[in-house]
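J.: Dropping in input_33.cif, which is mmCIF, C-alpha atoms and all ligand atoms:
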```cif
data_run
#
loop_
_atom_site.label_atom_id
_atom_site.label_comp_id
_atom_site.auth_asym_id
_atom_site.auth_seq_id
_atom_site.Cartn_x
_atom_site.Cartn_y
_atom_site.Cartn_z
CA MET A 182 99.92 96.96 87.15
CA ASN A 183 102.70 96.72 89.67
CA LEU A 184 103.04 96.37 93.41
CA MET A 185 102.65 99.96 94.49
CA THR A 186 102.94 100.76 98.14
CA VAL A 187 99.76 102.22 99.50
CA GLN A 188 100.13 105.93 100.10
CA ILE A 189 98.63 107.80 103.03
CA GLY A 190 98.60 111.59 103.07
CA LEU A 191 98.92 113.35 106.44
CA VAL A 192 96.82 116.49 106.24
CA GLY A 193 95.67 119.22 108.57
CA LYS A 194 96.13 122.82 109.53
CA PRO A 195 99.59 124.12 110.41
CA ASN A 196 101.09 123.22 113.79
CA ALA A 197 98.74 120.28 114.40
CA GLY A 198 101.55 117.74 114.53
CA LYS A 199 101.70 116.28 111.00
CA SER A 200 105.49 116.26 110.85
CA THR A 201 105.70 114.82 114.36
CA PHE A 202 103.30 112.03 113.29
CA PHE A 203 105.45 111.50 110.19
CA ALA A 204 108.73 111.46 112.14
CA ALA A 205 107.28 109.11 114.75
CA SER A 206 106.16 106.69 112.02
CA THR A 207 109.17 106.81 109.74
CA LEU A 208 111.97 107.88 112.11
CA ILE A 209 112.99 110.41 109.48
CA ASP A 210 114.19 113.49 111.28
CA VAL A 211 112.07 116.20 109.67
CA LYS A 212 111.68 119.73 110.92
CA ARG A 213 109.05 120.21 113.60
CA ALA A 214 108.29 123.39 115.49
CA PRO A 215 105.52 125.08 117.49
CA TYR A 216 104.61 127.61 114.80
CA PRO A 217 102.74 127.44 111.46
CA PHE A 218 104.28 126.54 108.09
CA THR A 219 107.27 124.68 109.44
CA THR A 220 106.88 122.23 106.57
CA ILE A 221 106.96 123.69 103.08
CA ASN A 222 108.03 120.87 100.79
CA PRO A 223 106.43 117.49 101.32
CA ASN A 224 108.23 114.75 103.22
CA ILE A 225 107.78 111.25 101.90
CA GLY A 226 108.84 108.19 103.84
CA VAL A 227 108.05 104.64 104.81
CA GLY A 228 105.83 103.88 107.77
CA TYR A 229 104.41 100.51 108.73
CA ALA A 230 101.10 98.78 109.23
CA LYS A 231 101.18 96.15 111.96
CA LEU A 232 99.68 92.69 111.71
CA ARG A 233 100.13 89.27 113.26
CA CYS A 234 102.94 87.57 111.41
CA VAL A 235 102.50 83.95 110.35
CA CYS A 236 105.96 82.91 111.60
CA LYS A 237 104.78 81.62 114.97
CA GLU A 238 101.91 79.68 113.47
CA PHE A 239 104.30 77.93 111.07
CA GLY A 240 106.94 77.58 113.78
CA VAL A 241 109.68 79.24 111.73
CA LYS A 242 112.21 81.96 112.32
CA ASP A 243 111.65 84.46 109.52
CA ASN A 244 114.05 86.91 107.94
CA PRO A 245 111.91 89.59 106.36
CA LYS A 246 113.15 91.65 103.43
CA ASN A 247 110.52 94.27 102.63
CA SER A 248 109.22 94.47 106.19
CA PHE A 249 110.27 93.54 109.72
CA CYS A 250 109.03 91.27 112.47
CA ILE A 251 109.22 91.83 116.22
CA ASN A 252 107.89 89.19 118.60
CA GLY A 253 105.50 87.79 116.04
CA TRP A 254 104.27 91.18 114.85
CA ARG A 255 104.94 91.91 111.19
CA PHE A 256 105.31 95.50 110.07
CA ALA A 257 104.37 95.96 106.41
CA PRO A 258 105.52 99.09 104.55
CA VAL A 259 103.18 101.94 103.67
CA GLU A 260 104.16 105.25 102.17
CA LEU A 261 103.44 108.33 104.24
CA MET A 262 103.39 111.86 102.95
CA ASP A 263 103.63 114.86 105.25
CA VAL A 264 102.55 118.06 103.53
CA ALA A 265 102.42 121.72 104.43
CA GLY A 266 99.56 122.90 106.64
CA LEU A 267 96.27 123.90 105.08
CA VAL A 268 94.59 127.13 106.09
CA PRO A 269 91.08 128.34 105.21
CA ASP A 270 90.92 129.31 101.52
CA ALA A 271 94.06 127.33 100.71
CA TRP A 272 92.25 126.13 97.58
CA LYS A 273 92.31 129.73 96.34
CA GLY A 274 96.04 129.86 96.96
CA ARG A 275 96.05 131.23 100.52
CA GLY A 276 98.85 130.22 102.87
CA LEU A 277 101.14 128.02 100.88
CA GLY A 278 98.44 127.81 98.27
CA ASN A 279 97.08 124.81 96.52
CA LYS A 280 100.47 123.55 95.42
CA PHE A 281 100.52 120.97 98.17
CA LEU A 282 96.92 120.02 97.62
CA ASP A 283 98.23 118.85 94.27
CA GLU A 284 100.71 116.70 96.12
CA LEU A 285 97.84 114.69 97.57
CA ARG A 286 96.66 113.47 94.19
CA ARG A 287 98.23 110.07 94.54
CA ALA A 288 97.12 109.47 98.14
CA ASP A 289 94.89 106.41 98.63
CA ALA A 290 93.70 107.66 102.00
CA LEU A 291 94.17 110.64 104.27
CA ILE A 292 94.85 110.92 107.96
CA HIS A 293 93.58 114.25 109.16
CA ILE A 294 95.71 115.33 112.10
CA ILE A 295 93.87 117.69 114.36
CA ASP A 296 95.01 119.37 117.55
CA ILE A 297 92.41 117.92 119.90
CA SER A 298 93.65 120.05 122.82
CA GLY A 299 92.52 123.19 120.98
CA SER A 300 95.87 124.88 121.63
CA THR A 301 96.24 126.28 118.11
CA ASP A 302 93.88 128.50 116.15
CA VAL A 303 92.52 127.65 112.69
CA GLU A 304 95.71 128.97 111.09
CA GLY A 305 97.97 127.10 113.51
CA ARG A 306 98.95 129.99 115.76
CA PRO A 307 99.60 128.90 119.36
CA LEU A 308 96.85 129.42 121.94
CA LYS A 309 96.27 128.07 125.44
CA PRO A 310 94.79 124.55 125.46
CA GLY A 311 91.01 124.68 125.25
CA GLU A 312 90.86 128.01 123.44
CA HIS A 313 90.04 126.65 120.00
CA ASP A 314 87.29 124.23 119.00
CA PRO A 315 88.86 121.36 116.99
CA LEU A 316 85.48 120.54 115.48
CA ILE A 317 85.85 123.62 113.27
CA ASP A 318 89.04 122.17 111.82
CA VAL A 319 87.32 119.00 110.67
CA THR A 320 84.76 120.91 108.65
CA PHE A 321 87.09 123.46 107.15
CA LEU A 322 89.72 121.00 106.00
CA GLU A 323 87.25 118.90 104.08
CA LYS A 324 85.82 121.93 102.46
CA GLU A 325 89.30 122.94 101.31
CA ILE A 326 89.92 119.57 99.69
CA ASP A 327 86.49 119.52 98.09
CA MET A 328 86.83 123.08 96.79
CA TRP A 329 90.19 122.22 95.32
CA MET A 330 88.69 119.29 93.42
CA PHE A 331 85.64 121.32 92.49
CA GLN A 332 87.86 123.95 91.00
CA ILE A 333 89.75 121.41 88.92
CA LEU A 334 86.51 119.98 87.58
CA LYS A 335 85.08 123.42 86.92
CA ARG A 336 87.98 124.49 84.74
CA ASP A 337 86.71 124.12 81.23
CA TRP A 338 83.44 122.74 82.62
CA ASP A 339 81.21 124.24 79.92
CA ARG A 340 83.07 122.60 77.12
CA ILE A 341 83.59 119.32 78.92
CA SER A 342 80.01 118.98 80.12
CA ARG A 343 78.69 119.55 76.62
CA THR A 344 81.08 116.97 75.19
CA ILE A 345 79.97 114.49 77.86
CA ASP A 346 76.31 115.12 77.01
CA ILE A 347 76.96 114.38 73.36
CA LYS A 348 78.59 111.05 74.21
CA SER A 349 76.08 110.45 76.99
CA SER A 350 76.58 106.70 77.12
CA GLU A 351 80.06 107.24 78.50
CA LYS A 352 79.24 109.80 81.15
CA ALA A 353 81.04 108.07 84.03
CA ARG A 354 84.10 107.35 81.95
CA GLU A 355 84.37 110.90 80.66
CA LEU A 356 84.14 112.30 84.19
CA TYR A 357 86.69 109.73 85.26
CA GLU A 358 89.13 110.90 82.58
CA ARG A 359 88.67 114.40 83.86
CA LEU A 360 89.33 113.40 87.48
CA SER A 361 91.74 110.51 87.07
CA GLY A 362 94.74 112.66 87.94
CA LEU A 363 93.24 113.08 91.39
CA GLY A 364 93.26 109.38 92.11
CA ILE A 365 89.48 109.11 91.81
CA LYS A 366 88.16 105.67 90.96
CA LEU A 367 85.70 104.96 88.14
CA GLU A 368 83.59 102.91 90.51
CA SER A 369 83.18 105.89 92.88
CA ILE A 370 81.99 108.02 89.98
CA GLU A 371 79.45 105.43 88.90
CA ASN A 372 78.18 105.15 92.47
CA ALA A 373 77.99 108.91 92.86
CA LEU A 374 75.90 109.27 89.69
CA LEU A 375 73.56 106.61 90.96
CA GLU A 376 73.30 107.79 94.57
CA LEU A 377 72.81 111.43 93.67
CA SER A 378 70.35 110.61 90.85
CA LEU A 379 72.54 112.40 88.35
CA GLN A 380 72.68 109.52 85.93
CA ASN A 381 69.99 110.75 83.61
CA LYS A 382 70.52 114.43 84.05
CA ARG A 383 72.40 116.29 81.33
CA VAL A 384 75.80 117.14 82.76
CA SER A 385 75.71 120.64 81.29
CA SER A 386 72.60 121.33 83.36
CA TRP A 387 74.13 120.34 86.74
CA SER A 388 74.04 123.22 89.18
CA ASP A 389 77.18 124.19 91.09
CA GLU A 390 75.61 122.59 94.18
CA GLU A 391 75.17 119.35 92.29
CA ILE A 392 78.74 119.42 91.03
CA PHE A 393 79.93 120.05 94.59
CA GLU A 394 77.84 117.21 96.01
CA PHE A 395 79.19 114.94 93.31
CA ILE A 396 82.77 115.92 94.21
CA LYS A 397 82.15 115.36 97.91
CA PHE A 398 80.80 111.91 97.24
CA VAL A 399 83.66 110.77 95.00
CA ARG A 400 86.32 112.28 97.24
CA TRP A 401 84.97 110.46 100.26
CA ALA A 402 84.75 107.17 98.36
CA SER A 403 88.17 107.48 96.72
CA LYS A 404 90.19 109.00 99.52
CA PRO A 405 88.73 107.86 102.83
CA MET A 406 89.80 109.92 105.79
CA LEU A 407 90.58 109.04 109.39
CA ILE A 408 90.88 111.60 112.14
CA ALA A 409 93.92 111.47 114.40
CA ALA A 410 93.03 113.44 117.53
CA ASN A 411 96.60 114.52 118.29
CA LYS A 412 98.07 116.12 121.42
CA ILE A 413 95.79 113.89 123.49
CA ASP A 414 98.25 114.32 126.38
CA LEU A 415 97.40 118.01 126.84
CA PRO A 416 94.66 119.58 129.00
CA TYR A 417 91.18 119.82 127.43
CA ALA A 418 92.06 117.04 124.98
CA GLU A 419 89.98 114.41 126.73
CA GLU A 420 86.77 116.39 126.87
CA ASN A 421 87.21 117.60 123.29
CA TYR A 422 87.80 114.03 122.16
CA HIS A 423 84.61 112.77 123.80
CA ARG A 424 82.62 115.68 122.38
CA LEU A 425 83.88 115.01 118.85
CA LYS A 426 83.09 111.32 119.25
CA ARG A 427 79.56 112.25 120.24
CA GLU A 428 79.05 114.81 117.51
CA ILE A 429 80.79 113.31 114.48
CA GLY A 430 81.75 109.82 115.62
CA ASP A 431 79.10 108.21 113.42
CA LYS A 432 80.68 109.67 110.29
CA TYR A 433 84.36 109.44 111.17
CA THR A 434 86.76 107.07 112.81
CA ILE A 435 88.55 109.17 115.42
CA ILE A 436 91.68 107.82 117.10
CA PRO A 437 93.26 109.48 120.14
CA VAL A 438 96.93 110.10 119.36
CA SER A 439 100.04 111.56 120.89
CA ALA A 440 102.59 111.85 118.10
CA GLU A 441 105.13 113.50 120.38
CA SER A 442 104.94 110.55 122.79
CA GLU A 443 105.39 107.97 120.05
CA LEU A 444 108.40 109.86 118.72
CA ALA A 445 109.95 110.00 122.19
CA LEU A 446 109.37 106.26 122.75
CA LYS A 447 110.81 105.31 119.37
CA LYS A 448 113.86 107.47 119.96
CA ALA A 449 114.37 106.03 123.43
CA ALA A 450 114.08 102.52 122.00
CA LYS A 451 116.57 103.35 119.25
CA ALA A 452 119.00 104.71 121.83
CA GLY A 453 118.72 101.43 123.74
CA LEU A 454 117.07 103.00 126.80
CA ILE A 455 113.81 101.09 126.57
CA GLU A 456 112.23 98.13 124.83
CA TYR A 457 109.11 99.22 123.00
CA ILE A 458 107.01 97.59 120.31
CA PRO A 459 105.09 100.22 118.33
CA GLY A 460 101.41 100.19 119.17
CA GLU A 461 101.83 98.56 122.57
CA LYS A 462 100.57 99.83 125.88
CA GLU A 463 103.84 99.30 127.71
CA PHE A 464 107.57 99.75 127.43
CA LYS A 465 110.40 98.31 129.51
CA ILE A 466 113.27 100.38 130.81
CA ILE A 467 116.54 98.57 130.11
CA LYS A 468 119.16 101.18 130.96
CA LYS A 469 119.80 103.61 133.76
CA LEU A 470 118.00 106.84 132.96
CA ASN A 471 118.67 110.39 134.04
CA GLU A 472 115.99 112.41 135.84
CA ARG A 473 114.82 114.21 132.71
CA GLN A 474 114.41 110.96 130.78
CA LYS A 475 112.60 109.36 133.71
CA LYS A 476 110.20 112.27 133.94
CA ALA A 477 109.48 112.29 130.21
CA LEU A 478 108.72 108.57 130.18
CA GLU A 479 106.60 108.86 133.31
CA TYR A 480 104.56 111.59 131.63
CA ILE A 481 103.95 109.39 128.56
CA LYS A 482 103.04 106.43 130.71
CA GLU A 483 100.52 108.35 132.79
CA ARG A 484 99.06 110.80 130.31
CA VAL A 485 98.99 108.58 127.24
CA LEU A 486 99.65 104.85 127.52
CA GLU A 487 97.73 104.03 130.69
CA LYS A 488 94.91 106.33 129.80
CA TRP A 489 94.46 105.64 126.10
CA GLY A 490 95.98 102.19 125.69
CA SER A 491 98.70 103.29 123.23
CA THR A 492 100.09 106.44 121.60
CA GLY A 493 97.57 105.85 118.80
CA ILE A 494 100.03 106.33 115.92
CA GLN A 495 100.17 102.65 115.04
CA LYS A 496 96.44 102.28 115.51
CA ALA A 497 95.78 105.21 113.19
CA ILE A 498 97.86 103.66 110.41
CA ASP A 499 96.48 100.15 110.94
CA THR A 500 92.87 101.35 110.98
CA THR A 501 93.44 103.34 107.80
CA VAL A 502 94.98 100.39 105.99
CA PHE A 503 92.81 97.52 107.20
CA GLU A 504 89.47 99.18 107.91
CA LEU A 505 89.18 102.28 105.76
CA LEU A 506 91.01 100.89 102.74
CA HIS A 507 90.00 97.26 103.36
CA MET A 508 93.45 96.01 102.52
CA ILE A 509 94.74 92.53 103.23
CA ALA A 510 98.27 91.24 103.75
CA VAL A 511 99.63 88.49 101.53
CA PHE A 512 102.87 86.55 102.10
CA PRO A 513 104.21 85.15 98.80
CA VAL A 514 106.85 82.41 98.92
CA GLU A 515 108.64 80.39 96.25
CA ASN A 516 109.23 77.22 98.23
CA GLU A 517 106.00 76.06 99.87
CA ASN A 518 107.77 73.65 102.22
CA LYS A 519 110.50 75.91 103.50
CA LEU A 520 108.49 79.15 103.11
CA THR A 521 111.44 80.76 101.37
CA ASP A 522 112.25 82.85 98.33
CA HIS A 523 114.94 81.70 95.86
CA ASN A 524 117.64 83.08 98.15
CA GLY A 525 116.47 81.06 101.10
CA ASN A 526 114.92 83.96 103.02
CA VAL A 527 112.07 82.72 105.20
CA LEU A 528 108.77 84.60 104.72
CA PRO A 529 110.68 87.44 103.03
CA ASP A 530 107.86 89.71 101.97
CA VAL A 531 104.41 90.76 102.93
CA HIS A 532 102.33 92.83 100.54
CA LEU A 533 99.34 94.98 101.33
CA VAL A 534 96.77 94.61 98.57
CA HIS A 535 93.09 95.38 98.12
CA SER A 536 90.69 92.81 99.48
CA GLY A 537 88.94 90.93 96.72
CA ILE A 538 92.18 90.50 94.76
CA THR A 539 92.40 87.16 92.94
CA ALA A 540 95.38 84.83 92.86
CA LYS A 541 96.06 85.72 89.25
CA GLU A 542 95.74 89.46 89.78
CA PHE A 543 98.22 89.14 92.62
CA ALA A 544 100.61 87.24 90.32
CA TYR A 545 100.39 90.15 87.86
CA LEU A 546 101.22 92.57 90.64
CA ILE A 547 104.39 90.68 91.45
CA HIS A 548 105.46 90.62 87.82
CA THR A 549 103.67 90.85 84.48
CA GLU A 550 105.41 87.71 83.30
CA ILE A 551 104.33 85.75 86.38
CA GLY A 552 100.78 86.89 85.73
CA GLU A 553 100.92 85.86 82.09
CA LYS A 554 102.33 82.44 82.87
CA PHE A 555 100.08 81.87 85.91
CA ALA A 556 99.08 78.20 86.12
CA PHE A 557 97.68 78.00 89.66
CA ALA A 558 98.57 79.04 93.20
CA ILE A 559 99.08 76.96 96.31
CA ASP A 560 97.67 77.83 99.70
CA VAL A 561 100.73 77.00 101.77
CA ARG A 562 98.70 76.35 104.94
CA ASN A 563 96.87 73.35 103.54
CA LYS A 564 98.73 72.80 100.25
CA LYS A 565 95.48 73.16 98.30
CA ARG A 566 95.50 74.41 94.75
CA LEU A 567 93.93 77.80 94.15
CA SER A 568 92.51 78.74 90.78
CA ALA A 569 93.16 82.02 88.97
CA ASP A 570 89.97 83.66 90.23
CA TYR A 571 90.32 82.54 93.85
CA LYS A 572 90.01 85.56 96.13
CA LEU A 573 92.98 85.80 98.46
CA LYS A 574 92.46 86.00 102.21
CA HIS A 575 94.09 88.24 104.80
CA ARG A 576 97.40 86.74 106.06
CA CYS A 577 97.44 84.00 103.45
CA VAL A 578 100.76 82.47 102.45
CA ILE A 579 100.80 81.55 98.78
CA LYS A 580 103.07 80.12 96.18
CA ILE A 581 102.39 80.94 92.55
CA VAL A 582 103.09 78.20 90.06
CA THR A 583 103.74 79.25 86.47
CA SER A 584 103.64 77.27 83.28
CA ARG A 585 106.90 77.07 81.41
N1 LIG B 1 101.89 118.05 123.65
C1 LIG B 1 102.03 117.57 122.41
N2 LIG B 1 102.61 118.33 121.46
C2 LIG B 1 102.72 117.81 120.22
C3 LIG B 1 102.24 116.50 119.89
N3 LIG B 1 102.50 116.28 118.59
C4 LIG B 1 103.11 117.38 118.13
N4 LIG B 1 103.25 118.31 119.09
C5 LIG B 1 103.90 119.64 118.98
O1 LIG B 1 103.17 120.42 118.05
C6 LIG B 1 104.07 121.32 117.38
C7 LIG B 1 103.85 121.27 115.90
O2 LIG B 1 104.28 120.01 115.42
P1 LIG B 1 104.65 119.78 113.88
O3 LIG B 1 104.78 118.31 113.74
O4 LIG B 1 105.79 120.64 113.46
O5 LIG B 1 103.30 120.29 113.21
P2 LIG B 1 102.87 120.35 111.64
O6 LIG B 1 101.43 119.99 111.59
O7 LIG B 1 103.81 119.53 110.84
O8 LIG B 1 103.05 121.90 111.34
P3 LIG B 1 103.33 122.65 109.92
O9 LIG B 1 104.48 121.98 109.25
O10 LIG B 1 103.64 124.03 110.35
O11 LIG B 1 102.07 122.56 109.14
C8 LIG B 1 105.49 120.93 117.80
O12 LIG B 1 105.92 121.82 118.78
C9 LIG B 1 105.29 119.54 118.39
O13 LIG B 1 106.24 119.26 119.39
C10 LIG B 1 101.65 115.73 120.95
O14 LIG B 1 101.22 114.58 120.77
N5 LIG B 1 101.55 116.32 122.16
MG MG B 2 105.09 120.06 109.34
#
```
Would you encode the structure as structure tokens?
T.:
Amino acid sequence: MNLMTVQIGLVGKPNAGKSTFFAASTLIDVKRAPYPFTTINPNIGVGYAKLRCVCKEFGVKDNPKNSFCINGWRFAPVELMDVAGLVPDAWKGRGLGNKFLDELRRADALIHIIDISGSTDVEGRPLKPGEHDPLIDVTFLEKEIDMWMFQILKRDWDRISRTIDIKSSEKARELYERLSGLGIKLESIENALLELSLQNKRVSSWSDEEIFEFIKFVRWASKPMLIAANKIDLPYAEENYHRLKREIGDKYTIIPVSAESELALKKAAKAGLIEYIPGEKEFKIIKKLNERQKKALEYIKERVLEKWGSTGIQKAIDTTVFELLHMIAVFPVENENKLTDHNGNVLPDVHLVHSGITAKEFAYLIHTEIGEKFAFAIDVRNKKRLSADYKLKHRCVIKIVTSR
């Protein structure tokens, strides 16, 4: 085990705004353009999940190392991956093929970026806003991912299913071995077998429909997906958004987003024109702007911030991390009085980890040796001792004490 940064895959059809979402989150200047297949090779970069820092509560001035803090908001690193657009039948190799589907293996969660204004067709070709129904994109993309997994499982299925039947006591584990390269969890497989009543059915007698249902179940459980309704600033976006909420809102979390607006705000902030904290509803102009800049910011203010409360980019990442993946943030320190590491940095790191993690498991994540020598942990807030199997809480500050 080690402290791996959570990885979120940005998926969707071409021209939906994946690279713009990526650039707005990471400030990496990747190629973006209003036509399909702008991105060919994946872009990987660091984005951030936002949470209340503990600095104000403890009354300290922090100097973060693996993250940053603005006005009491801590931004914890997450890895984002922007891949090429998916078109119908991508799993069979259409478009840029299934090469980039393979790139999603490691993703812990997916953000599906759709063009909620309906200004691109299912292959990403430009249309007038309102001409395409974004609901179609939601269904097709999932089918592509499921078919891709289905196909991987089906390769060699006859032989594998018979082997699994022979060692029937290890059905879940055998299937797990087969699917582990896709980042599927053993627990999801066990649940799928139970939920779909496939536990006692010989694997070699599963129909294709049953295999597909099984895949759908494990994919959903292992790679939860959020929908980012992008281009929310354009005409028709609002009505499409409300319709999607009505029709599929019980199954999906849908966040209204304008990636282009977030990118513009971040760039303006970087250039010293405005003050802007990612995820906020407002920005402050701090330099004299030219007419074009004024107009662009006015557009964002009216069409996005005042209407939707934020550009949605930060909210999409935060919801994925804290709600879909149920992660928590942990601040480890070495000196429980000064809240520092051994170099004197105050509240240097924050780590996103799965909820339910114990103090000892967390120690192992920091370093195998710290895990092995774990004696107890200290809850820095109240200086109480925490035992090895204590389940850590969101925003806890802990010190791990090792035996010599
Ligand atoms: N109006 C508006 N346009 C946007 C928004 N986000 C992205 N776009 C535009 O949509 C077009 C496509 O954006 P990209 O980020 O290149 O799209 P992509 O999904 O990465 O496309 P491929 O790499 O071809 O798959 C660009 O012209 C962007 O400027 C938005 O929030 N509002
Ligand atoms: Mg792209």
J.: Using 8 Å as the limit and counting all atoms listed in the file, can you tabulate each residue of chain A that touches ligand LIG 1 (chain B), with its shortest atom-to-atom distance in Å and the two atoms involved, as a Markdown table?
T.:
```
| residue | atom | partner | partner_atom | distance |
| --- | --- | --- | --- | --- |
| A:Val192 | CA | B:LIG1 | O6 | 7.9 |
| A:Gly193 | CA | B:LIG1 | O6 | 6.5 |
| A:Lys194 | CA | B:LIG1 | O11 | 6.0 |
| A:Pro195 | CA | B:LIG1 | O11 | 3.2 |
| A:Asn196 | CA | B:LIG1 | O8 | 3.4 |
| A:Ala197 | CA | B:LIG1 | O6 | 3.9 |
| A:Gly198 | CA | B:LIG1 | O5 | 3.4 |
| A:Lys199 | CA | B:LIG1 | O6 | 3.8 |
| A:Ser200 | CA | B:LIG1 | O3 | 3.6 |
| A:Thr201 | CA | B:LIG1 | O3 | 3.7 |
| A:Phe202 | CA | B:LIG1 | O3 | 6.5 |
| A:Phe203 | CA | B:LIG1 | O3 | 7.7 |
| A:Lys212 | CA | B:LIG1 | O4 | 6.5 |
| A:Arg213 | CA | B:LIG1 | O4 | 3.3 |
| A:Ala214 | CA | B:LIG1 | O4 | 4.2 |
| A:Pro215 | CA | B:LIG1 | O12 | 3.5 |
| A:Tyr216 | CA | B:LIG1 | O10 | 5.8 |
| A:Pro217 | CA | B:LIG1 | O10 | 3.7 |
| A:Phe218 | CA | B:LIG1 | O10 | 3.4 |
| A:Thr219 | CA | B:LIG1 | O10 | 3.8 |
| A:Thr220 | CA | B:LIG1 | O9 | 3.6 |
| A:Ile221 | CA | B:LIG1 | O9 | 6.9 |
| A:Asp263 | CA | B:LIG1 | O7 | 7.3 |
| A:Val264 | CA | B:LIG1 | O9 | 7.2 |
| A:Ala265 | CA | B:LIG1 | O11 | 4.8 |
| A:Gly266 | CA | B:LIG1 | O11 | 3.6 |
| A:Leu267 | CA | B:LIG1 | O11 | 7.2 |
| A:Ile294 | CA | B:LIG1 | O6 | 7.4 |
| A:Gly305 | CA | B:LIG1 | O10 | 7.2 |
| A:Asn411 | CA | B:LIG1 | O14 | 5.2 |
| A:Lys412 | CA | B:LIG1 | N5 | 3.6 |
| A:Ile413 | CA | B:LIG1 | O14 | 6.1 |
| A:Asp414 | CA | B:LIG1 | N5 | 5.7 |
| A:Leu415 | CA | B:LIG1 | N1 | 5.5 |
| A:Val438 | CA | B:LIG1 | O14 | 6.4 |
| A:Ser439 | CA | B:LIG1 | O14 | 3.2 |
| A:Ala440 | CA | B:LIG1 | O14 | 4.1 |
| A:Glu441 | CA | B:LIG1 | O14 | 4.1 |
| A:Ser442 | CA | B:LIG1 | O14 | 5.8 |
| A:Glu443 | CA | B:LIG1 | O14 | 7.8 |
```
J.: Would you mind listing what lies within 12 Å of Leu375 (chain A) as a PDB file with C-alpha atoms, in the frame of the given file, with all atoms listed in the file counted and same-chain residues fewer than 6 positions away left out?
T.:
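Ended up saving to around-v1.pdb:
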```pdb
ATOM      1  CA  LYS A 352      79.240 109.800  81.150  1.00  0.00           C
ATOM      2  CA  ALA A 353      81.040 108.070  84.030  1.00  0.00           C
ATOM      3  CA  GLU A 368      83.590 102.910  90.510  1.00  0.00           C
ATOM      4  CA  SER A 369      83.180 105.890  92.880  1.00  0.00           C
ATOM      5  CA  ASN A 381      69.990 110.750  83.610  1.00  0.00           C
ATOM      6  CA  LYS A 382      70.520 114.430  84.050  1.00  0.00           C
ATOM      7  CA  PHE A 395      79.190 114.940  93.310  1.00  0.00           C
ATOM      8  CA  PHE A 398      80.800 111.910  97.240  1.00  0.00           C
ATOM      9  CA  VAL A 399      83.660 110.770  95.000  1.00  0.00           C
TER      10      VAL A 399
END
```
J.: If we draw a sphere of 12 Å around (106.7, 78.1, 94.0), which residues have at least one atom in it when counting all atoms listed in the file? Please report them as a PDB file with C-alpha atoms, keeping the file's coordinate frame.
T.:
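Contents of out36.pdb, as written:
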```pdb
ATOM      1  CA  PRO A 513     104.210  85.150  98.800  1.00  0.00           C
ATOM      2  CA  VAL A 514     106.850  82.410  98.920  1.00  0.00           C
ATOM      3  CA  GLU A 515     108.640  80.390  96.250  1.00  0.00           C
ATOM      4  CA  ASN A 516     109.230  77.220  98.230  1.00  0.00           C
ATOM      5  CA  GLU A 517     106.000  76.060  99.870  1.00  0.00           C
ATOM      6  CA  ASN A 518     107.770  73.650 102.220  1.00  0.00           C
ATOM      7  CA  LYS A 519     110.500  75.910 103.500  1.00  0.00           C
ATOM      8  CA  LEU A 520     108.490  79.150 103.110  1.00  0.00           C
ATOM      9  CA  THR A 521     111.440  80.760 101.370  1.00  0.00           C
ATOM     10  CA  ASP A 522     112.250  82.850  98.330  1.00  0.00           C
ATOM     11  CA  HIS A 523     114.940  81.700  95.860  1.00  0.00           C
ATOM     12  CA  ALA A 544     100.610  87.240  90.320  1.00  0.00           C
ATOM     13  CA  ILE A 551     104.330  85.750  86.380  1.00  0.00           C
ATOM     14  CA  PHE A 555     100.080  81.870  85.910  1.00  0.00           C
ATOM     15  CA  ALA A 556      99.080  78.200  86.120  1.00  0.00           C
ATOM     16  CA  PHE A 557      97.680  78.000  89.660  1.00  0.00           C
ATOM     17  CA  ALA A 558      98.570  79.040  93.200  1.00  0.00           C
ATOM     18  CA  ILE A 559      99.080  76.960  96.310  1.00  0.00           C
ATOM     19  CA  ASP A 560      97.670  77.830  99.700  1.00  0.00           C
ATOM     20  CA  VAL A 561     100.730  77.000 101.770  1.00  0.00           C
ATOM     21  CA  LYS A 564      98.730  72.800 100.250  1.00  0.00           C
ATOM     22  CA  ARG A 566      95.500  74.410  94.750  1.00  0.00           C
ATOM     23  CA  VAL A 578     100.760  82.470 102.450  1.00  0.00           C
ATOM     24  CA  ILE A 579     100.800  81.550  98.780  1.00  0.00           C
ATOM     25  CA  LYS A 580     103.070  80.120  96.180  1.00  0.00           C
ATOM     26  CA  ILE A 581     102.390  80.940  92.550  1.00  0.00           C
ATOM     27  CA  VAL A 582     103.090  78.200  90.060  1.00  0.00           C
ATOM     28  CA  THR A 583     103.740  79.250  86.470  1.00  0.00           C
ATOM     29  CA  SER A 584     103.640  77.270  83.280  1.00  0.00           C
TER      30      SER A 584
END
```
J.: So how far away is CA of Ser568 (chain A) from CA of Ser403 (chain A), in Å?
T.: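 Distance between the two atoms: 29.7 Å.
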J.: Measuring atom to atom with all atoms listed in the file, identify which of A:Asp302, A:Glu394, A:Asp243, A:Glu456 is nearest to Asp327 (chain A).
T.: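 For Asp327 (chain A), the nearest of the candidates is A:Glu394.
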